[in-house]
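Enquirer: So here's structure_30.csv (CSV, C-alpha atoms and all ligand atoms).
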chain,number,residue,atom,x,y,z
A,1,MET,CA,-29.9,163.7,57.0
A,2,SER,CA,-28.0,162.4,60.0
A,3,LYS,CA,-28.6,162.5,63.7
A,4,LEU,CA,-26.0,163.4,66.3
A,5,LEU,CA,-26.4,162.6,70.0
A,6,TYR,CA,-24.4,165.2,72.0
A,7,ILE,CA,-23.6,164.2,75.6
A,8,GLU,CA,-22.4,167.1,77.7
A,9,ALA,CA,-20.6,166.4,81.0
A,10,SER,CA,-19.3,169.7,82.3
A,11,PRO,CA,-21.4,171.7,84.8
A,12,ARG,CA,-19.5,174.9,84.0
A,13,LYS,CA,-21.6,175.8,80.9
A,14,ASP,CA,-20.5,179.2,79.5
A,15,ARG,CA,-17.2,179.0,81.3
A,16,SER,CA,-16.5,175.4,80.1
A,17,ALA,CA,-13.7,174.8,77.6
A,18,SER,CA,-15.1,171.4,76.6
A,19,ILE,CA,-18.5,172.9,75.8
A,20,GLU,CA,-17.1,175.8,73.9
A,21,VAL,CA,-15.3,173.4,71.5
A,22,ALA,CA,-18.3,171.1,71.3
A,23,GLN,CA,-20.5,174.0,70.3
A,24,SER,CA,-18.1,174.6,67.3
A,25,PHE,CA,-18.5,170.9,66.4
A,26,VAL,CA,-22.3,171.1,66.6
A,27,SER,CA,-22.5,174.3,64.5
A,28,ALA,CA,-20.3,172.8,61.8
A,29,PHE,CA,-22.4,169.6,61.8
A,30,GLN,CA,-25.6,171.6,61.4
A,31,ASP,CA,-24.0,173.9,58.7
A,32,GLU,CA,-23.0,170.9,56.7
A,33,ASN,CA,-26.6,169.9,56.2
A,34,PRO,CA,-29.5,172.0,57.6
A,35,ASP,CA,-31.5,168.7,57.9
A,36,ASN,CA,-29.1,167.2,60.3
A,37,LEU,CA,-30.5,166.6,63.8
A,38,VAL,CA,-28.8,167.2,67.2
A,39,GLU,CA,-30.2,165.8,70.4
A,40,THR,CA,-28.4,167.2,73.5
A,41,LEU,CA,-28.1,165.3,76.8
A,42,ASP,CA,-26.9,167.6,79.5
A,43,LEU,CA,-26.0,165.1,82.2
A,44,TRP,CA,-26.2,167.9,84.9
A,45,SER,CA,-29.8,168.6,84.2
A,46,LEU,CA,-31.0,165.0,83.7
A,47,ALA,CA,-32.5,163.1,86.7
A,48,LEU,CA,-30.7,159.8,86.1
A,49,PRO,CA,-32.1,157.0,88.1
A,50,GLU,CA,-29.9,155.5,90.8
A,51,PHE,CA,-28.2,152.3,89.8
A,52,ASP,CA,-29.4,150.7,93.0
A,53,GLY,CA,-30.2,147.2,94.4
A,54,ASP,CA,-33.4,146.6,92.3
A,55,ARG,CA,-31.6,147.6,89.2
A,56,ILE,CA,-28.5,145.6,89.9
A,57,ASN,CA,-30.8,142.6,90.7
A,58,ALA,CA,-32.6,143.1,87.4
A,59,LYS,CA,-29.2,143.2,85.6
A,60,TYR,CA,-28.1,139.9,87.2
A,61,ARG,CA,-31.5,138.3,86.4
A,62,VAL,CA,-31.1,139.3,82.8
A,63,MET,CA,-27.5,138.0,82.7
A,64,HIS,CA,-28.6,134.7,84.2
A,65,GLY,CA,-31.7,134.3,82.0
A,66,GLU,CA,-34.1,134.4,85.1
A,67,ASN,CA,-37.5,136.0,85.4
A,68,PRO,CA,-37.3,139.4,87.2
A,69,SER,CA,-39.8,140.4,89.9
A,70,THR,CA,-42.4,143.1,89.1
A,71,ASP,CA,-40.2,145.8,90.7
A,72,GLU,CA,-37.1,144.5,89.0
A,73,ALA,CA,-38.9,144.4,85.7
A,74,LYS,CA,-40.0,148.0,86.1
A,75,ALA,CA,-36.5,149.1,87.0
A,76,TRP,CA,-35.2,147.2,84.0
A,77,ASP,CA,-37.7,148.9,81.7
A,78,GLU,CA,-36.5,152.3,82.8
A,79,ILE,CA,-32.9,151.3,82.1
A,80,THR,CA,-33.9,149.8,78.7
A,81,SER,CA,-35.5,153.1,77.6
A,82,ILE,CA,-32.3,155.1,78.6
A,83,VAL,CA,-30.2,152.7,76.5
A,84,GLU,CA,-32.6,152.8,73.6
A,85,GLN,CA,-32.5,156.6,73.7
A,86,PHE,CA,-28.6,156.3,73.6
A,87,LYS,CA,-28.7,153.9,70.7
A,88,ASN,CA,-31.2,155.9,68.6
A,89,THR,CA,-28.6,158.0,66.7
A,90,ASP,CA,-26.1,157.9,63.8
A,91,SER,CA,-23.2,159.4,65.6
A,92,TYR,CA,-22.1,160.7,69.0
A,93,LEU,CA,-20.3,163.7,70.5
A,94,PHE,CA,-19.0,163.6,74.1
A,95,SER,CA,-17.6,166.7,75.8
A,96,LEU,CA,-16.1,166.4,79.2
A,97,PRO,CA,-13.5,167.7,81.7
A,98,MET,CA,-10.9,165.6,83.3
A,99,TRP,CA,-11.7,165.2,87.0
A,100,ASN,CA,-9.2,163.6,89.3
A,101,PHE,CA,-7.4,162.1,86.3
A,102,SER,CA,-10.7,160.5,85.1
A,103,ILE,CA,-14.2,161.4,84.0
A,104,PRO,CA,-16.9,163.4,86.0
A,105,TYR,CA,-19.1,161.2,88.1
A,106,LYS,CA,-22.2,162.1,86.3
A,107,LEU,CA,-20.8,160.6,83.1
A,108,LYS,CA,-19.7,157.5,85.0
A,109,HIS,CA,-23.2,157.2,86.3
A,110,TYR,CA,-24.5,157.4,82.8
A,111,PHE,CA,-22.2,154.7,81.6
A,112,ASP,CA,-23.2,152.5,84.6
A,113,LEU,CA,-26.8,152.8,83.3
A,114,ILE,CA,-25.9,152.3,79.6
A,115,CYS,CA,-23.5,149.3,79.8
A,116,GLN,CA,-26.0,146.6,80.2
A,117,PRO,CA,-26.0,142.9,79.1
A,118,GLY,CA,-28.1,142.2,76.1
A,119,LEU,CA,-28.5,145.9,75.3
A,120,ALA,CA,-24.9,147.3,75.0
A,121,TRP,CA,-22.8,144.1,75.2
A,122,SER,CA,-23.2,140.3,75.2
A,123,PHE,CA,-21.1,137.4,76.3
A,124,SER,CA,-20.9,133.8,75.2
A,125,PRO,CA,-18.2,131.2,76.1
A,126,ASP,CA,-17.6,130.7,72.4
A,127,THR,CA,-17.2,134.3,71.3
A,128,GLY,CA,-16.4,136.1,74.6
A,129,TYR,CA,-17.6,139.7,75.1
A,130,GLN,CA,-19.1,141.5,72.1
A,131,GLY,CA,-20.2,145.1,71.9
A,132,LEU,CA,-23.7,145.6,70.5
A,133,ILE,CA,-23.5,149.3,69.5
A,134,THR,CA,-21.7,149.0,66.2
A,135,GLY,CA,-21.3,150.9,63.0
A,136,LYS,CA,-21.4,154.3,64.7
A,137,SER,CA,-18.8,157.0,65.1
A,138,ALA,CA,-18.0,158.9,68.3
A,139,THR,CA,-16.0,162.1,68.8
A,140,LEU,CA,-14.5,162.9,72.2
A,141,ILE,CA,-13.7,166.4,73.3
A,142,LEU,CA,-11.5,166.2,76.4
A,143,ALA,CA,-10.6,169.3,78.4
A,144,ARG,CA,-7.8,169.0,81.1
A,145,GLY,CA,-6.1,171.5,83.2
A,146,GLY,CA,-2.7,169.8,82.8
A,147,GLU,CA,-0.9,168.4,79.8
A,148,TYR,CA,-0.9,164.6,79.4
A,149,SER,CA,0.0,163.9,75.8
A,150,SER,CA,3.5,165.3,76.0
A,151,SER,CA,5.2,162.3,77.8
A,152,ALA,CA,4.6,158.7,78.6
A,153,GLU,CA,4.9,159.5,82.3
A,154,ALA,CA,2.1,162.1,82.2
A,155,GLY,CA,0.1,159.9,79.8
A,156,ALA,CA,0.1,157.1,82.4
A,157,MET,CA,-2.1,159.4,84.7
A,158,ASP,CA,-4.6,160.0,81.9
A,159,PHE,CA,-7.6,157.8,82.8
A,160,GLN,CA,-10.0,160.2,81.1
A,161,LYS,CA,-9.0,159.4,77.5
A,162,THR,CA,-8.2,155.7,78.2
A,163,TYR,CA,-11.5,155.1,80.1
A,164,MET,CA,-13.6,156.8,77.4
A,165,GLU,CA,-11.9,154.8,74.6
A,166,MET,CA,-12.0,151.5,76.5
A,167,ILE,CA,-15.7,151.7,77.6
A,168,LEU,CA,-16.9,152.8,74.2
A,169,GLY,CA,-14.8,150.1,72.6
A,170,PHE,CA,-16.3,147.5,75.0
A,171,ILE,CA,-19.8,148.4,73.9
A,172,GLY,CA,-18.9,148.2,70.2
A,173,PHE,CA,-17.4,151.5,69.0
A,174,GLN,CA,-14.6,151.1,66.5
A,175,ASP,CA,-14.6,154.6,65.1
A,176,ILE,CA,-13.5,157.0,67.9
A,177,GLN,CA,-11.8,160.4,67.2
A,178,THR,CA,-10.4,162.5,70.1
A,179,VAL,CA,-9.8,166.2,70.4
A,180,LEU,CA,-7.6,167.2,73.3
A,181,ILE,CA,-7.9,170.7,75.0
A,182,GLU,CA,-4.8,170.8,77.1
A,183,PRO,CA,-3.5,172.5,79.2
A,184,THR,CA,-6.5,174.7,80.1
A,185,LEU,CA,-5.0,175.8,83.4
A,186,THR,CA,-2.5,178.2,81.8
A,187,ASP,CA,-2.1,181.8,80.9
A,188,PRO,CA,-5.1,183.4,78.9
A,189,GLU,CA,-3.2,183.7,75.6
A,190,SER,CA,-2.0,180.1,75.6
A,191,LYS,CA,-5.5,178.9,76.5
A,192,GLN,CA,-7.0,180.9,73.7
A,193,GLN,CA,-4.6,179.4,71.2
A,194,THR,CA,-5.3,175.9,72.6
A,195,LEU,CA,-9.1,176.5,72.1
A,196,ILE,CA,-8.6,177.8,68.6
A,197,THR,CA,-6.6,174.6,67.6
A,198,ALA,CA,-9.1,172.3,69.3
A,199,LYS,CA,-12.0,174.0,67.5
A,200,GLU,CA,-10.3,173.6,64.1
A,201,GLN,CA,-9.9,169.9,64.8
A,202,ALA,CA,-13.5,169.6,66.0
A,203,VAL,CA,-14.9,171.4,63.0
A,204,SER,CA,-12.8,169.2,60.6
A,205,ILE,CA,-14.2,166.0,62.2
A,206,ALA,CA,-17.8,167.3,62.2
A,207,LYS,CA,-17.6,168.1,58.5
A,208,GLN,CA,-16.7,164.5,57.7
A,209,LEU,CA,-19.7,163.0,59.4
A,301,LIG,C1,-13.3,168.5,90.5
A,301,LIG,C2,-12.2,168.8,89.5
A,301,LIG,C3,-11.1,167.9,89.3
A,301,LIG,C4,-10.1,168.2,88.4
A,301,LIG,N1,-9.1,167.3,88.3
A,301,LIG,C5,-8.2,167.5,87.3
A,301,LIG,C6,-7.1,166.5,87.1
A,301,LIG,O1,-7.1,165.5,87.7
A,301,LIG,N2,-6.2,166.8,86.1
A,301,LIG,C7,-6.2,168.0,85.4
A,301,LIG,O2,-5.3,168.2,84.6
A,301,LIG,N3,-7.2,168.9,85.6
A,301,LIG,C8,-8.1,168.7,86.5
A,301,LIG,N4,-9.2,169.6,86.7
A,301,LIG,C9,-9.2,170.8,85.9
A,301,LIG,C10,-10.1,170.6,84.7
A,301,LIG,O3,-9.9,169.4,84.0
A,301,LIG,C11,-10.0,171.8,83.7
A,301,LIG,O4,-10.2,173.0,84.3
A,301,LIG,C12,-10.9,171.6,82.5
A,301,LIG,O5,-10.6,172.6,81.5
A,301,LIG,C13,-12.3,171.7,82.8
A,301,LIG,O6,-13.1,171.5,81.7
A,301,LIG,P1,-14.4,172.4,81.5
A,301,LIG,O7,-13.9,173.8,81.4
A,301,LIG,O8,-15.0,171.9,80.2
A,301,LIG,O9,-15.3,172.1,82.6
A,301,LIG,C14,-10.2,169.4,87.7
A,301,LIG,C15,-11.2,170.3,87.9
A,301,LIG,C16,-12.2,170.0,88.8
A,301,LIG,C17,-13.3,171.0,88.9
Please go through the file and, once you have read it, give me the structure as structure tokens.
Expert:
Amino acid sequence: MSKLLYIEASPRKDRSASIEVAQSFVSAFQDENPDNLVETLDLWSLALPEFDGDRINAKYRVMHGENPSTDEAKAWDEITSIVEQFKNTDSYLFSLPMWNFSIPYKLKHYFDLICQPGLAWSFSPDTGYQGLITGKSATLILARGGEYSSSAEAGAMDFQKTYMEMILGFIGFQDIQTVLIEPTLTDPESKQQTLITAKEQAVSIAKQL
């Protein structure tokens, strides 16, 4: 038995290319072992707390080893429970569209809540920064209207893949596999073929978990 945390970042639901491919992944994961568990976080239906002044103050208090105020402690407890929910799994699936060459703001908001000192990463002058979420695999399903993998020039504009791999690497992930769905803004036949190929890749990864 294994648990998968599926984080869904497109608001387009049944019109979404990234969700369509992610659903193939989830089905294959469940078919592999009926006891496998899937927890889905739809970032568009969650009421994520603002990462506001109290929470940032709480973050700096923790970083500097100081005692937080009552409000800061409450704010920090809320963030801690979100991070603990994130950590409570064996593997991860992220599905997301490219928005303005990067990731949707709801997913950036989620990472701003998750990436906390002492919970997701640590720092010491001797060892530098260290990710604390280790030994877990992540699969990224990335939909984009254009094509970014075909040339270095186009790839230089791809802050979706690079950001996801960088931020997950920063918090400790070493095993990251990526499925690209590109280009989605094309004729229906080509898009269909792109989806078929991406689903095959996704199913193959899911069966190895
Ligand atoms: C707000 C917004 C911004 C977008 N920005 C880009 C972009 O910078 N580059 C690109 O190739 N496609 C861009 N697109 C197109 C989407 O990445 C593309 O339609 C993708 O398939 C959407 O994934 P989804 O169907 O899973 O939501 C954008 C779409 C929206 C709605």
Enquirer: Between atom CA of A:Ser95 and atom CA of A:Phe170, what is the distance, to one decimal in Å?
Expert: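 Interatomic distance, atom CA of A:Ser95 to atom CA of A:Phe170: 19.3 Å.
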Enquirer: Got a sec to check which residues lie within 10 Å of ligand LIG 301 (chain A), using all atoms listed in the file, and send them as an NGL selection string?
Expert: :A and (8-22 or 95-105 or 141-148 or 154 or 157-160 or 181-186 or 191)
Enquirer: Restricting the calculation to all atoms listed in the file, which member of A:Pro125, A:Gly65, A:Gly135, A:Gly118 is positioned closest to A:Tyr92?
Expert: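 Nearest to A:Tyr92: A:Gly135.
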Enquirer: Using all atoms listed in the file, which of A:Lys87, A:Ala28, A:Leu119, A:Tyr60 sits nearest A:Gln208?
Expert: A:Ala28
Enquirer: So how far away is atom CA of A:Asp52 from atom CA of A:Pro68, in Å?
Expert: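 Atom-to-atom, atom CA of A:Pro68 to atom CA of A:Asp52, that is 15.0 Å.
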Enquirer: In terms of the shortest atom-to-atom distance over only C-alpha atoms, which of A:Gln177, A:Thr134, A:Gln23, A:Ser91 is closest to A:Met164?
Expert: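 Of the candidates, the smallest distance to A:Met164 is held by A:Gln177.
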Enquirer: Excluding A:Ile205 and its own-chain neighbours fewer than 6 positions away, which residues fall within 12 Å of it when counting only C-alpha atoms? Please give them as a PyMOL selection string.
Expert: chain A and resi 21-22+24-29+32+91-93+137-141+175-179+198-199
Enquirer: Interatomic distance between atom CA of A:Ser150 and atom CA of A:Thr194?
Expert: 14.2 Å
Enquirer: Find the residues around A:Ala120 up to 10 Å (all atoms listed in the file counted), leave out those fewer than 5 positions away in its own chain, and share them as a count of residues only.
Expert: 15
Enquirer: For the point (-27.4, 144.6, 92.3) in file coordinates, what residues are within 12 Å, counting all atoms listed in the file? Give the answer as a count of residues only?
Expert: 18
Enquirer: Out of A:Glu189, A:Lys3, A:Val38, A:Gly169, which residue has the shortest atom-to-atom distance to A:Tyr129 when counting all atoms listed in the file?
Expert: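 Closest residue, counting all atoms listed in the file: A:Gly169.
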